[in-house]
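*Asks:* My file is query_2.pdb. It has PDB, C-alpha atoms:
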```pdb
ATOM      1  CA  MET A   1       4.900  17.347  -0.094
ATOM      2  CA  SER A   2       3.058  18.409   3.006
ATOM      3  CA  GLY A   3       1.301  16.110   5.413
ATOM      4  CA  GLY A   4      -2.408  15.303   5.303
ATOM      5  CA  ALA A   5      -5.057  15.463   7.940
ATOM      6  CA  GLY A   6      -3.993  12.249   9.640
ATOM      7  CA  PRO A   7      -5.505   8.760   9.801
ATOM      8  CA  VAL A   8      -9.192   8.431   9.160
ATOM      9  CA  GLY A   9     -11.115   6.276  11.588
ATOM     10  CA  ARG A  10     -13.930   3.899  10.782
ATOM     11  CA  PRO A  11     -16.965   5.304  12.609
ATOM     12  CA  GLY A  12     -18.950   2.097  12.493
ATOM     13  CA  GLY A  13     -15.919  -0.061  13.207
ATOM     14  CA  GLY A  14     -16.411  -1.895   9.916
ATOM     15  CA  ARG A  15     -13.602  -2.666   7.506
ATOM     16  CA  GLY A  16     -15.842  -3.340   4.535
ATOM     17  CA  LEU A  17     -16.322  -1.216   1.437
ATOM     18  CA  LEU A  18     -19.701  -1.020  -0.294
ATOM     19  CA  VAL A  19     -19.588   0.344  -3.831
ATOM     20  CA  VAL A  20     -22.914   1.392  -5.316
ATOM     21  CA  GLY A  21     -22.272   1.695  -9.003
ATOM     22  CA  ASP A  22     -22.260  -0.084 -12.315
ATOM     23  CA  VAL A  23     -21.255  -3.181 -14.194
ATOM     24  CA  VAL A  24     -20.579  -2.724 -17.885
ATOM     25  CA  THR A  25     -19.608  -4.905 -20.800
ATOM     26  CA  ASP A  26     -16.505  -3.227 -22.231
ATOM     27  CA  VAL A  27     -15.540  -3.619 -25.867
ATOM     28  CA  VAL A  28     -11.941  -2.397 -25.918
ATOM     29  CA  ALA A  29     -10.548  -1.558 -29.360
ATOM     30  CA  ARG A  30      -6.825  -0.707 -29.393
ATOM     31  CA  HIS A  31      -5.835   0.988 -32.641
ATOM     32  CA  GLY A  32      -2.251   1.954 -33.415
ATOM     33  CA  SER A  33      -3.057   4.458 -36.138
ATOM     34  CA  THR A  34      -5.457   7.352 -36.478
ATOM     35  CA  LEU A  35      -9.036   6.256 -37.096
ATOM     36  CA  ALA A  36      -9.789   6.284 -40.817
ATOM     37  CA  HIS A  37     -13.240   7.827 -41.216
ATOM     38  CA  GLY A  38     -15.591   5.928 -43.518
ATOM     39  CA  THR A  39     -13.403   2.834 -43.893
ATOM     40  CA  ASP A  40     -11.414   0.239 -41.913
ATOM     41  CA  THR A  41      -8.782   0.756 -39.240
ATOM     42  CA  LYS A  42      -6.874  -2.220 -37.881
ATOM     43  CA  ALA A  43      -7.419  -2.838 -34.171
ATOM     44  CA  ARG A  44      -7.049  -5.451 -31.463
ATOM     45  CA  ILE A  45     -10.465  -5.938 -29.889
ATOM     46  CA  LEU A  46     -11.411  -7.604 -26.603
ATOM     47  CA  THR A  47     -14.731  -7.924 -24.772
ATOM     48  CA  LEU A  48     -14.168  -7.601 -21.018
ATOM     49  CA  PRO A  49     -16.175  -7.025 -17.838
ATOM     50  CA  GLY A  50     -15.950  -3.400 -16.694
ATOM     51  CA  GLY A  51     -17.884  -0.502 -15.256
ATOM     52  CA  ALA A  52     -16.534   2.239 -13.007
ATOM     53  CA  GLY A  53     -18.106   0.891  -9.820
ATOM     54  CA  ALA A  54     -17.155  -2.712 -10.515
ATOM     55  CA  ASN A  55     -13.610  -1.663 -11.440
ATOM     56  CA  VAL A  56     -13.229   0.257  -8.167
ATOM     57  CA  ALA A  57     -14.425  -2.780  -6.236
ATOM     58  CA  CYS A  58     -11.980  -5.130  -7.982
ATOM     59  CA  TRP A  59      -9.019  -2.785  -7.471
ATOM     60  CA  ALA A  60      -9.947  -2.356  -3.804
ATOM     61  CA  VAL A  61      -9.716  -6.128  -3.384
ATOM     62  CA  ARG A  62      -6.384  -6.193  -5.218
ATOM     63  CA  SER A  63      -5.192  -3.391  -2.916
ATOM     64  CA  GLY A  64      -5.882  -5.440   0.187
ATOM     65  CA  CYS A  65      -9.414  -4.589   1.321
ATOM     66  CA  PRO A  66     -10.740  -7.792   2.918
ATOM     67  CA  ASP A  67     -14.448  -7.153   2.406
ATOM     68  CA  VAL A  68     -15.630  -5.470  -0.796
ATOM     69  CA  ARG A  69     -19.249  -5.430  -1.906
ATOM     70  CA  LEU A  70     -20.869  -4.069  -5.050
ATOM     71  CA  LEU A  71     -24.475  -3.109  -5.675
ATOM     72  CA  ALA A  72     -25.243  -2.792  -9.377
ATOM     73  CA  ARG A  73     -27.751  -3.785 -12.053
ATOM     74  CA  ALA A  74     -27.112  -5.918 -15.122
ATOM     75  CA  GLY A  75     -29.188  -7.270 -17.967
ATOM     76  CA  ALA A  76     -30.283 -10.896 -17.839
ATOM     77  CA  GLU A  77     -28.243 -11.721 -20.959
ATOM     78  CA  SER A  78     -24.899 -11.296 -19.176
ATOM     79  CA  ALA A  79     -25.655 -11.116 -15.446
ATOM     80  CA  ASP A  80     -24.186 -14.558 -14.746
ATOM     81  CA  TRP A  81     -20.978 -13.701 -16.623
ATOM     82  CA  HIS A  82     -20.562 -10.488 -14.647
ATOM     83  CA  ARG A  83     -21.384 -12.166 -11.338
ATOM     84  CA  GLU A  84     -18.790 -14.880 -11.980
ATOM     85  CA  ALA A  85     -16.144 -12.324 -12.953
ATOM     86  CA  LEU A  86     -16.758 -10.328  -9.780
ATOM     87  CA  ALA A  87     -16.647 -13.452  -7.618
ATOM     88  CA  ALA A  88     -13.354 -14.486  -9.231
ATOM     89  CA  ALA A  89     -11.977 -11.054  -8.330
ATOM     90  CA  GLY A  90     -13.064 -11.466  -4.708
ATOM     91  CA  VAL A  91     -16.005  -9.050  -4.819
ATOM     92  CA  ARG A  92     -19.294  -9.878  -3.111
ATOM     93  CA  ALA A  93     -21.875  -8.826  -5.682
ATOM     94  CA  PHE A  94     -25.411  -7.685  -4.987
ATOM     95  CA  LEU A  95     -26.365  -7.836  -8.648
ATOM     96  CA  ALA A  96     -29.935  -6.927  -9.563
ATOM     97  CA  VAL A  97     -31.025  -8.558 -12.807
ATOM     98  CA  ASP A  98     -32.978  -6.580 -15.400
ATOM     99  CA  ASP A  99     -35.175  -8.660 -17.720
ATOM    100  CA  GLU A 100     -36.104  -5.746 -19.960
ATOM    101  CA  VAL A 101     -32.900  -3.837 -20.673
ATOM    102  CA  PRO A 102     -29.439  -5.276 -21.449
ATOM    103  CA  THR A 103     -26.297  -4.640 -19.457
ATOM    104  CA  ALA A 104     -24.631  -1.299 -20.121
ATOM    105  CA  THR A 105     -22.062  -1.403 -22.921
ATOM    106  CA  VAL A 106     -19.049   0.815 -23.485
ATOM    107  CA  ILE A 107     -16.915   0.851 -26.604
ATOM    108  CA  ALA A 108     -13.475   2.066 -25.543
ATOM    109  CA  LEU A 109     -11.335   3.351 -28.406
ATOM    110  CA  VAL A 110      -7.731   3.262 -27.187
ATOM    111  CA  ASP A 111      -5.090   5.029 -29.286
ATOM    112  CA  ALA A 112      -1.331   4.456 -29.573
ATOM    113  CA  ALA A 113      -0.699   6.733 -26.559
ATOM    114  CA  ALA A 114      -3.053   4.573 -24.426
ATOM    115  CA  GLU A 115      -5.614   7.399 -24.225
ATOM    116  CA  ARG A 116      -9.199   6.235 -24.420
ATOM    117  CA  THR A 117     -12.420   7.630 -25.833
ATOM    118  CA  PHE A 118     -15.725   6.092 -24.774
ATOM    119  CA  LEU A 119     -19.007   5.417 -26.558
ATOM    120  CA  THR A 120     -21.513   4.602 -23.832
ATOM    121  CA  ASP A 121     -24.906   2.885 -23.751
ATOM    122  CA  GLY A 122     -26.127   3.162 -20.134
ATOM    123  CA  GLY A 123     -28.477   0.184 -20.378
ATOM    124  CA  ALA A 124     -29.415  -1.392 -17.052
ATOM    125  CA  VAL A 125     -27.034   0.843 -15.065
ATOM    126  CA  LEU A 126     -29.465   3.737 -15.074
ATOM    127  CA  ARG A 127     -32.318   1.491 -13.903
ATOM    128  CA  LEU A 128     -30.774   0.637 -10.534
ATOM    129  CA  ALA A 129     -33.813   1.116  -8.280
ATOM    130  CA  VAL A 130     -34.385   2.035  -4.660
ATOM    131  CA  GLU A 131     -35.792  -1.486  -4.213
ATOM    132  CA  ASP A 132     -32.374  -2.895  -5.162
ATOM    133  CA  PHE A 133     -30.760  -1.307  -2.096
ATOM    134  CA  ALA A 134     -31.157  -2.712   1.419
ATOM    135  CA  PRO A 135     -29.723  -1.034   4.541
ATOM    136  CA  THR A 136     -28.307  -4.405   5.627
ATOM    137  CA  MET A 137     -25.814  -4.106   2.758
ATOM    138  CA  LEU A 138     -24.043  -1.531   4.957
ATOM    139  CA  ASP A 139     -23.616  -3.892   7.921
ATOM    140  CA  GLY A 140     -19.915  -4.133   8.726
ATOM    141  CA  VAL A 141     -19.076  -1.444   6.173
ATOM    142  CA  GLY A 142     -16.556   1.281   6.965
ATOM    143  CA  ARG A 143     -17.034   3.300   3.793
ATOM    144  CA  LEU A 144     -19.619   3.734   1.014
ATOM    145  CA  HIS A 145     -18.479   4.738  -2.462
ATOM    146  CA  LEU A 146     -20.899   6.005  -5.116
ATOM    147  CA  SER A 147     -20.201   6.000  -8.830
ATOM    148  CA  GLY A 148     -21.345   9.342 -10.204
ATOM    149  CA  TYR A 149     -22.798   7.674 -13.287
ATOM    150  CA  LEU A 150     -25.839   6.829 -11.169
ATOM    151  CA  LEU A 151     -26.546  10.515 -10.549
ATOM    152  CA  PHE A 152     -27.115  11.239 -14.241
ATOM    153  CA  ALA A 153     -30.597   9.622 -14.456
ATOM    154  CA  ALA A 154     -33.618   9.944 -12.181
ATOM    155  CA  VAL A 155     -34.183   6.263 -11.332
ATOM    156  CA  SER A 156     -30.588   5.370 -10.496
ATOM    157  CA  ARG A 157     -30.109   8.735  -8.790
ATOM    158  CA  ALA A 158     -32.890   7.939  -6.334
ATOM    159  CA  ALA A 159     -31.191   4.655  -5.449
ATOM    160  CA  ALA A 160     -27.791   6.299  -5.052
ATOM    161  CA  LEU A 161     -29.146   9.092  -2.862
ATOM    162  CA  LEU A 162     -30.994   6.599  -0.668
ATOM    163  CA  ALA A 163     -27.729   4.726  -0.110
ATOM    164  CA  LEU A 164     -25.920   8.010   0.600
ATOM    165  CA  ARG A 165     -28.510   9.192   3.126
ATOM    166  CA  THR A 166     -28.615   5.808   4.867
ATOM    167  CA  ALA A 167     -24.828   5.725   5.200
ATOM    168  CA  VAL A 168     -24.652   9.281   6.536
ATOM    169  CA  GLU A 169     -27.355   8.500   9.113
ATOM    170  CA  ARG A 170     -25.272   5.528  10.275
ATOM    171  CA  GLY A 171     -22.062   7.559  10.513
ATOM    172  CA  ILE A 172     -20.453   5.818   7.540
ATOM    173  CA  PRO A 173     -18.313   8.164   5.411
ATOM    174  CA  VAL A 174     -19.250   8.436   1.753
ATOM    175  CA  SER A 175     -17.102   9.133  -1.298
ATOM    176  CA  VAL A 176     -18.365  10.142  -4.739
ATOM    177  CA  ASP A 177     -16.650   9.927  -8.113
ATOM    178  CA  PRO A 178     -18.090  12.418 -10.663
ATOM    179  CA  ALA A 179     -17.405   9.735 -13.302
ATOM    180  CA  SER A 180     -17.733  11.605 -16.614
ATOM    181  CA  ALA A 181     -16.966  15.155 -17.674
ATOM    182  CA  GLY A 182     -19.213  14.673 -20.696
ATOM    183  CA  PHE A 183     -22.291  13.594 -18.729
ATOM    184  CA  LEU A 184     -21.437  16.074 -15.965
ATOM    185  CA  GLY A 185     -21.651  18.889 -18.485
ATOM    186  CA  GLU A 186     -25.081  17.709 -19.624
ATOM    187  CA  LEU A 187     -26.436  17.452 -16.061
ATOM    188  CA  GLY A 188     -24.899  20.725 -14.901
ATOM    189  CA  PRO A 189     -22.138  21.099 -12.281
ATOM    190  CA  GLU A 190     -24.297  22.747  -9.628
ATOM    191  CA  ARG A 191     -26.958  20.043  -9.789
ATOM    192  CA  PHE A 192     -24.289  17.374  -9.435
ATOM    193  CA  LEU A 193     -22.761  19.109  -6.411
ATOM    194  CA  GLU A 194     -26.200  19.337  -4.802
ATOM    195  CA  PHE A 195     -26.807  15.620  -5.363
ATOM    196  CA  ALA A 196     -23.399  14.757  -3.844
ATOM    197  CA  GLU A 197     -24.027  16.813  -0.706
ATOM    198  CA  GLY A 198     -23.330  14.779   2.413
ATOM    199  CA  ALA A 199     -20.297  13.030   0.962
ATOM    200  CA  GLU A 200     -17.105  13.595   2.928
ATOM    201  CA  LEU A 201     -14.819  12.829  -0.008
ATOM    202  CA  LEU A 202     -14.995  13.852  -3.686
ATOM    203  CA  LEU A 203     -12.734  12.117  -6.230
ATOM    204  CA  PRO A 204     -12.827  13.974  -9.580
ATOM    205  CA  ASN A 205     -10.217  13.877 -12.297
ATOM    206  CA  ALA A 206      -8.723  17.147 -13.510
ATOM    207  CA  ASP A 207     -11.300  17.703 -16.263
ATOM    208  CA  GLU A 208     -14.186  17.070 -13.889
ATOM    209  CA  ALA A 209     -12.700  19.355 -11.226
ATOM    210  CA  ARG A 210     -12.324  22.165 -13.765
ATOM    211  CA  LEU A 211     -15.914  21.719 -14.904
ATOM    212  CA  LEU A 212     -17.249  21.666 -11.345
ATOM    213  CA  THR A 213     -15.487  24.889 -10.377
ATOM    214  CA  GLY A 214     -14.709  26.809 -13.565
ATOM    215  CA  LEU A 215     -11.084  27.010 -12.377
ATOM    216  CA  PRO A 216      -8.432  25.874 -14.884
ATOM    217  CA  GLU A 217      -5.707  24.805 -12.429
ATOM    218  CA  PRO A 218      -6.401  21.433 -10.725
ATOM    219  CA  GLY A 219      -4.943  22.471  -7.382
ATOM    220  CA  ALA A 220      -7.075  25.596  -7.229
ATOM    221  CA  ALA A 221     -10.116  23.545  -8.252
ATOM    222  CA  ALA A 222      -9.386  20.948  -5.564
ATOM    223  CA  ALA A 223      -9.054  23.667  -2.921
ATOM    224  CA  GLU A 224     -12.317  25.285  -4.002
ATOM    225  CA  LEU A 225     -14.203  21.991  -3.933
ATOM    226  CA  SER A 226     -12.844  21.263  -0.447
ATOM    227  CA  ARG A 227     -14.806  24.253   0.817
ATOM    228  CA  ARG A 228     -17.905  22.226  -0.004
ATOM    229  CA  PHE A 229     -16.675  18.710   0.824
ATOM    230  CA  PRO A 230     -14.364  17.935   3.756
ATOM    231  CA  ARG A 231     -11.782  16.253   1.524
ATOM    232  CA  VAL A 232     -11.109  16.303  -2.192
ATOM    233  CA  VAL A 233      -8.595  14.316  -4.215
ATOM    234  CA  VAL A 234      -8.116  15.313  -7.856
ATOM    235  CA  THR A 235      -6.384  12.736 -10.045
ATOM    236  CA  LEU A 236      -3.968  14.043 -12.661
ATOM    237  CA  GLY A 237      -3.162  10.929 -14.670
ATOM    238  CA  ALA A 238       0.578  10.529 -15.167
ATOM    239  CA  ARG A 239       1.151  13.569 -12.921
ATOM    240  CA  GLY A 240      -0.283  11.900  -9.833
ATOM    241  CA  ALA A 241      -2.869  13.488  -7.576
ATOM    242  CA  VAL A 242      -3.520  16.601  -5.511
ATOM    243  CA  VAL A 243      -5.207  16.437  -2.100
ATOM    244  CA  ALA A 244      -7.192  19.314  -0.592
ATOM    245  CA  ALA A 245      -9.022  19.876   2.678
ATOM    246  CA  GLY A 246     -10.514  22.901   4.393
ATOM    247  CA  GLY A 247     -10.167  25.128   1.356
ATOM    248  CA  GLU A 248      -6.472  24.524   0.674
ATOM    249  CA  VAL A 249      -4.148  22.034  -0.968
ATOM    250  CA  VAL A 250      -2.578  19.828   1.707
ATOM    251  CA  GLY A 251      -0.326  17.758  -0.542
ATOM    252  CA  ARG A 252       0.600  16.444  -3.957
ATOM    253  CA  VAL A 253       1.545  12.872  -4.781
ATOM    254  CA  PRO A 254       3.510  11.901  -7.904
ATOM    255  CA  ALA A 255       2.548   8.893  -9.997
ATOM    256  CA  PRO A 256       5.071   6.112 -10.590
ATOM    257  CA  PRO A 257       6.513   6.300 -14.112
ATOM    258  CA  VAL A 258       5.050   3.897 -16.675
ATOM    259  CA  PRO A 259       7.474   3.707 -19.620
ATOM    260  CA  GLU A 260       5.127   1.837 -21.955
ATOM    261  CA  PRO A 261       1.446   2.436 -21.096
ATOM    262  CA  VAL A 262      -0.992   0.038 -22.729
ATOM    263  CA  ASP A 263      -4.511   1.229 -21.886
ATOM    264  CA  SER A 264      -5.651   4.024 -19.568
ATOM    265  CA  THR A 265      -9.175   2.571 -19.271
ATOM    266  CA  GLY A 266     -10.005   2.257 -15.578
ATOM    267  CA  ALA A 267      -6.882   4.020 -14.298
ATOM    268  CA  GLY A 268      -8.971   6.463 -12.279
ATOM    269  CA  ASP A 269     -11.070   3.586 -10.917
ATOM    270  CA  ALA A 270      -7.866   1.808  -9.898
ATOM    271  CA  PHE A 271      -6.717   4.930  -8.058
ATOM    272  CA  THR A 272     -10.030   5.091  -6.211
ATOM    273  CA  GLY A 273      -9.923   1.411  -5.262
ATOM    274  CA  GLY A 274      -6.361   1.672  -3.986
ATOM    275  CA  PHE A 275      -7.052   4.920  -2.159
ATOM    276  CA  LEU A 276     -10.166   3.676  -0.377
ATOM    277  CA  ALA A 277      -8.568   0.355   0.560
ATOM    278  CA  ALA A 278      -5.693   2.245   2.177
ATOM    279  CA  LEU A 279      -8.058   4.556   4.087
ATOM    280  CA  LEU A 280      -9.951   1.557   5.424
ATOM    281  CA  ALA A 281      -6.665   0.041   6.554
ATOM    282  CA  GLY A 282      -5.991   3.180   8.623
ATOM    283  CA  ALA A 283      -3.657   5.116   6.308
ATOM    284  CA  ASP A 284      -3.589   8.909   6.264
ATOM    285  CA  GLU A 285      -4.795  10.543   3.066
ATOM    286  CA  MET A 286      -1.327  11.203   1.600
ATOM    287  CA  THR A 287      -0.267   7.587   2.074
ATOM    288  CA  ALA A 288      -3.608   6.504   0.641
ATOM    289  CA  ALA A 289      -3.107   8.765  -2.385
ATOM    290  CA  ALA A 290       0.300   7.184  -2.994
ATOM    291  CA  GLU A 291      -1.335   3.746  -2.890
ATOM    292  CA  GLY A 292      -3.949   4.983  -5.325
ATOM    293  CA  CYS A 293      -1.269   6.230  -7.702
ATOM    294  CA  ARG A 294       0.469   2.859  -7.587
ATOM    295  CA  ALA A 295      -2.777   1.106  -8.464
ATOM    296  CA  GLY A 296      -3.406   3.584 -11.285
ATOM    297  CA  ALA A 297       0.057   2.949 -12.695
ATOM    298  CA  ALA A 298      -0.613  -0.791 -12.627
ATOM    299  CA  ALA A 299      -3.894  -0.234 -14.445
ATOM    300  CA  VAL A 300      -2.333   1.497 -17.453
ATOM    301  CA  ARG A 301      -0.112  -1.543 -17.949
ATOM    302  CA  THR A 302      -3.237  -3.725 -18.301
ATOM    303  CA  VAL A 303      -5.830  -3.926 -21.077
ATOM    304  CA  GLY A 304      -9.275  -3.165 -19.704
ATOM    305  CA  GLY A 305     -10.416  -1.548 -16.483
ATOM    306  CA  ARG A 306      -9.745  -4.304 -13.928
ATOM    307  CA  PRO A 307      -6.690  -6.019 -12.463
ATOM    308  CA  PRO A 308      -5.877  -9.437 -13.915
ATOM    309  CA  VAL A 309      -7.445 -12.243 -11.891
ATOM    310  CA  ARG A 310      -4.732 -14.212 -10.142
TER
END
```
Show me, as structure tokens, the structure contained in the file I just sent.
*Replies:*
Amino acid sequence: MSGGAGPVGRPGGGRGLLVVGDVVTDVVARHGSTLAHGTDTKARILTLPGGAGANVACWAVRSGCPDVRLLARAGAESADWHREALAAAGVRAFLAVDDEVPTATVIALVDAAAERTFLTDGGAVLRLAVEDFAPTMLDGVGRLHLSGYLLFAAVSRAAALLALRTAVERGIPVSVDPASAGFLGELGPERFLEFAEGAELLLPNADEARLLTGLPEPGAAAAELSRRFPRVVVTLGARGAVVAAGGEVVGRVPAPPVPEPVDSTGAGDAFTGGFLAALLAGADEMTAAAEGCRAGAAAVRTVGGRPPVR
């Protein structure tokens, strides 16, 4: 493993993390056998608070970040439930309430190998508006993280890009998670990369990195993406992560072994939360990636996308 680019400073002096993203009501169905089409399949089903942005925020708190904020939009029917869950996790929520559209819902089908398949109703997520963002939300913030889900619809994209531009103007580094290979394919890789311009850190998984570059090998894809963004970290699931900067791979980090994975939902979000918390604490990118991998390993031992509330 080679060394990274060294510790990353906090330009504004802030230690806070602002996540602009999503809250989602997750319906997690764990089925031990193959789905039987047209009839019943036994499953264990839980309804849990989730959402990529909210998950990142909660894992960042669990990973030691002292000030984590989330801007998101939820439907009136469950906004209080989501706000209470975020507060219990230590996240300061700027939660816009939508009276017309319900909170986003995801049905996560989790098989015996802990792999998950999502059915997604974007709901209020994609209605996050520019009016929901205020520049004061960045006061005391050392990093802004954007959930890529917001870039897949015009209204939420405008809000996300406003937050990105405001952070860049204030010298606050921005990270972006491409979020979904499926939605990324519908939007088009080049459009997504244009929308993410200005970010100093891109955090795709292997499938997203391949789609964004057309390169099959994750390391090569990470290196190629780092010609466009100063730093890129590609997550590889049980194989850890690869870090690239300046057009080349600067290191690889293994993931801790998880003998009996339960649910991979939110594992990538956990990595991001752990990684960003470590960067804000002054870690170099390789140390931060190791922290991210530890958080990801903890996530696959937990049902749902968030750490258990202590």
*Asks:* Please produce, as a Markdown table, a per-residue contact table for segment 137-199 of chain A versus segment 56-68 of chain A (criterion: any atom at most 12 Å away, all atoms listed in the file considered), showing the nearest atom pair and its distance in Å to one decimal, sorted by chain then residue number.
*Replies:*
```
| residue | atom | partner | partner_atom | distance |
| --- | --- | --- | --- | --- |
| A:Met137 | CA | A:Val68 | CA | 10.9 |
| A:Leu138 | CA | A:Val68 | CA | 10.9 |
| A:Asp139 | CA | A:Asp67 | CA | 11.2 |
| A:Gly140 | CA | A:Asp67 | CA | 8.9 |
| A:Val141 | CA | A:Asp67 | CA | 8.3 |
| A:Gly142 | CA | A:Asp67 | CA | 9.8 |
| A:Arg143 | CA | A:Val68 | CA | 10.0 |
| A:Leu144 | CA | A:Val68 | CA | 10.2 |
| A:His145 | CA | A:Val56 | CA | 9.0 |
| A:Leu146 | CA | A:Val56 | CA | 10.1 |
| A:Ser147 | CA | A:Val56 | CA | 9.1 |
| A:Ser175 | CA | A:Val56 | CA | 11.9 |
| A:Val176 | CA | A:Val56 | CA | 11.7 |
| A:Asp177 | CA | A:Val56 | CA | 10.3 |
| A:Ala179 | CA | A:Val56 | CA | 11.6 |
```
*Asks:* If you apply the PyMOL selection byres ((chain A and resi 258) around 9) to this file, what residues do you get, as number ranges by chain?
*Replies:* A: 238, 255-257, 259-261, 297-298, 300-301
*Asks:* Could you write out that same residue set with C-alpha atoms as a short mmCIF file (atom, residue, chain, number, x, y, z; two decimals), keeping the file's coordinate frame?
*Replies:*
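Writing the result to selection28.cif gives the following:
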```cif
data_model
loop_
_atom_site.label_atom_id
_atom_site.label_comp_id
_atom_site.auth_asym_id
_atom_site.auth_seq_id
_atom_site.Cartn_x
_atom_site.Cartn_y
_atom_site.Cartn_z
CA ALA A 238 0.58 10.53 -15.17
CA ALA A 255 2.55 8.89 -10.00
CA PRO A 256 5.07 6.11 -10.59
CA PRO A 257 6.51 6.30 -14.11
CA PRO A 259 7.47 3.71 -19.62
CA GLU A 260 5.13 1.84 -21.96
CA PRO A 261 1.45 2.44 -21.10
CA ALA A 297 0.06 2.95 -12.70
CA ALA A 298 -0.61 -0.79 -12.63
CA VAL A 300 -2.33 1.50 -17.45
CA ARG A 301 -0.11 -1.54 -17.95
#
```
*Asks:* Report, as AutoDock Vina command-line options, the centre and edge lengths in Å (one decimal) of the axis-aligned box enclosing every listed atom of segment 113-124 of chain A, padded by 6 Å on each side.
*Replies:*
```
--center_x -15.1 --center_y 3.1 --center_z -21.8 --size_x 40.7 --size_y 21.0 --size_z 21.5
```
*Asks:* Name the residues in contact with Ala244 of chain A at a cut-off of 8 Å, using all atoms listed in the file, excluding same-chain residues fewer than 2 positions from it; report them as a list in words.
*Replies:* Gly219, Ala222, Ala223, Ser226, Arg231, Val232, Val233, Val242, Gly246, Gly247, Glu248, Val249, Val250 and Gly251 of chain A
*Asks:* Once the PyMOL selection byres ((chain A and resi 171) around 12) has been evaluated on this model, what residues remain selected, and can you format them as a list in words?
*Replies:*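 Going through the file, the PyMOL selection byres ((chain A and resi 171) around 12) ends up selecting Gly9, Arg10, Pro11, Gly12, Gly13, Gly14, Leu138, Asp139, Val141, Gly142, Arg143, Leu144, Leu164, Arg165, Thr166, Ala167, Val168, Glu169, Arg170, Ile172, Pro173, Val174, Gly198, Ala199 and Glu200 of chain A.
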*Asks:* For the atom pair atom CA of Phe271 of chain A and atom CA of Leu109 of chain A, what is the interatomic distance in Å to one decimal place?
*Replies:* 20.9 Å
*Asks:* Can you spell out as a ChimeraX atom specification the set of residues that the PyMOL selection byres ((chain A and resi 288-290) around 9) selects in the structure I just provided?
*Replies:* /A:233,240-243,252-255,271-272,274-279,282-287,291-295
*Asks:* Show me a table, sorted first by chain and then by increasing residue number, of the residues of segment 149-250 of chain A having an atom at most 12 Å from segment 110-119 of chain A, each with its shortest atom pair and the distance in Å to one decimal, counting only C-alpha atoms and written as CSV.
*Replies:*
```
residue,atom,partner,partner_atom,distance
A:Ser180,CA,A:Phe118,CA,10.1
A:Ala181,CA,A:Phe118,CA,11.6
A:Gly182,CA,A:Phe118,CA,10.1
A:Phe183,CA,A:Phe118,CA,11.7
A:Gly237,CA,A:Glu115,CA,10.5
A:Ala238,CA,A:Glu115,CA,11.4
```
*Asks:* Can you work out which one of A:Gly50, A:Gly75, A:Val101, A:Arg227 has the shortest atom-to-atom distance to Ala270 of chain A, counting only C-alpha atoms?
*Replies:*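 Nearest to Ala270 of chain A: A:Gly50.
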*Asks:* Need the shell around Phe152 of chain A: protein/DNA/RNA residues with any atom at most 10 Å away, counting all atoms listed in the file. Skip same-chain ones fewer than 2 positions apart. Format as a ChimeraX atom specification?
*Replies:* /A:126,148-150,154-157,178-180,183-184,186-188,191-192,195
*Asks:* Please compute the atom CA of Ala93 of chain A-atom CA of Ala79 of chain A distance, one decimal, in Å.
*Replies:* 10.7 Å
*Asks:* Could you add the missing atoms to segment 54-64 of chain A, up to N, CA and C atoms, and return them as a compact mmCIF listing (two decimals), in the frame of the given file?
*Replies:*
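Result went into rebuild_20.txt, see below:
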```
# COMPACT_ATOMS: atom_id res chain seq x y z
N ALA A 54 -17.71 -1.37 -10.61
CA ALA A 54 -17.16 -2.71 -10.52
C ALA A 54 -15.63 -2.67 -10.55
N ASN A 55 -15.07 -1.78 -11.38
CA ASN A 55 -13.61 -1.66 -11.44
C ASN A 55 -13.04 -1.22 -10.09
N VAL A 56 -13.68 -0.21 -9.49
CA VAL A 56 -13.23 0.26 -8.17
C VAL A 56 -13.23 -0.89 -7.17
N ALA A 57 -14.31 -1.66 -7.17
CA ALA A 57 -14.42 -2.78 -6.24
C ALA A 57 -13.30 -3.79 -6.44
N CYS A 58 -13.03 -4.14 -7.70
CA CYS A 58 -11.98 -5.13 -7.98
C CYS A 58 -10.59 -4.62 -7.59
N TRP A 59 -10.32 -3.34 -7.85
CA TRP A 59 -9.02 -2.78 -7.47
C TRP A 59 -8.90 -2.65 -5.96
N ALA A 60 -10.00 -2.41 -5.26
CA ALA A 60 -9.95 -2.36 -3.80
C ALA A 60 -9.56 -3.72 -3.23
N VAL A 61 -10.11 -4.79 -3.80
CA VAL A 61 -9.72 -6.13 -3.38
C VAL A 61 -8.23 -6.34 -3.65
N ARG A 62 -7.79 -6.01 -4.87
CA ARG A 62 -6.38 -6.19 -5.22
C ARG A 62 -5.48 -5.38 -4.30
N SER A 63 -6.00 -4.26 -3.79
CA SER A 63 -5.19 -3.39 -2.92
C SER A 63 -5.27 -3.79 -1.45
N GLY A 64 -5.94 -4.90 -1.15
CA GLY A 64 -5.88 -5.44 0.19
C GLY A 64 -7.11 -5.29 1.04
```
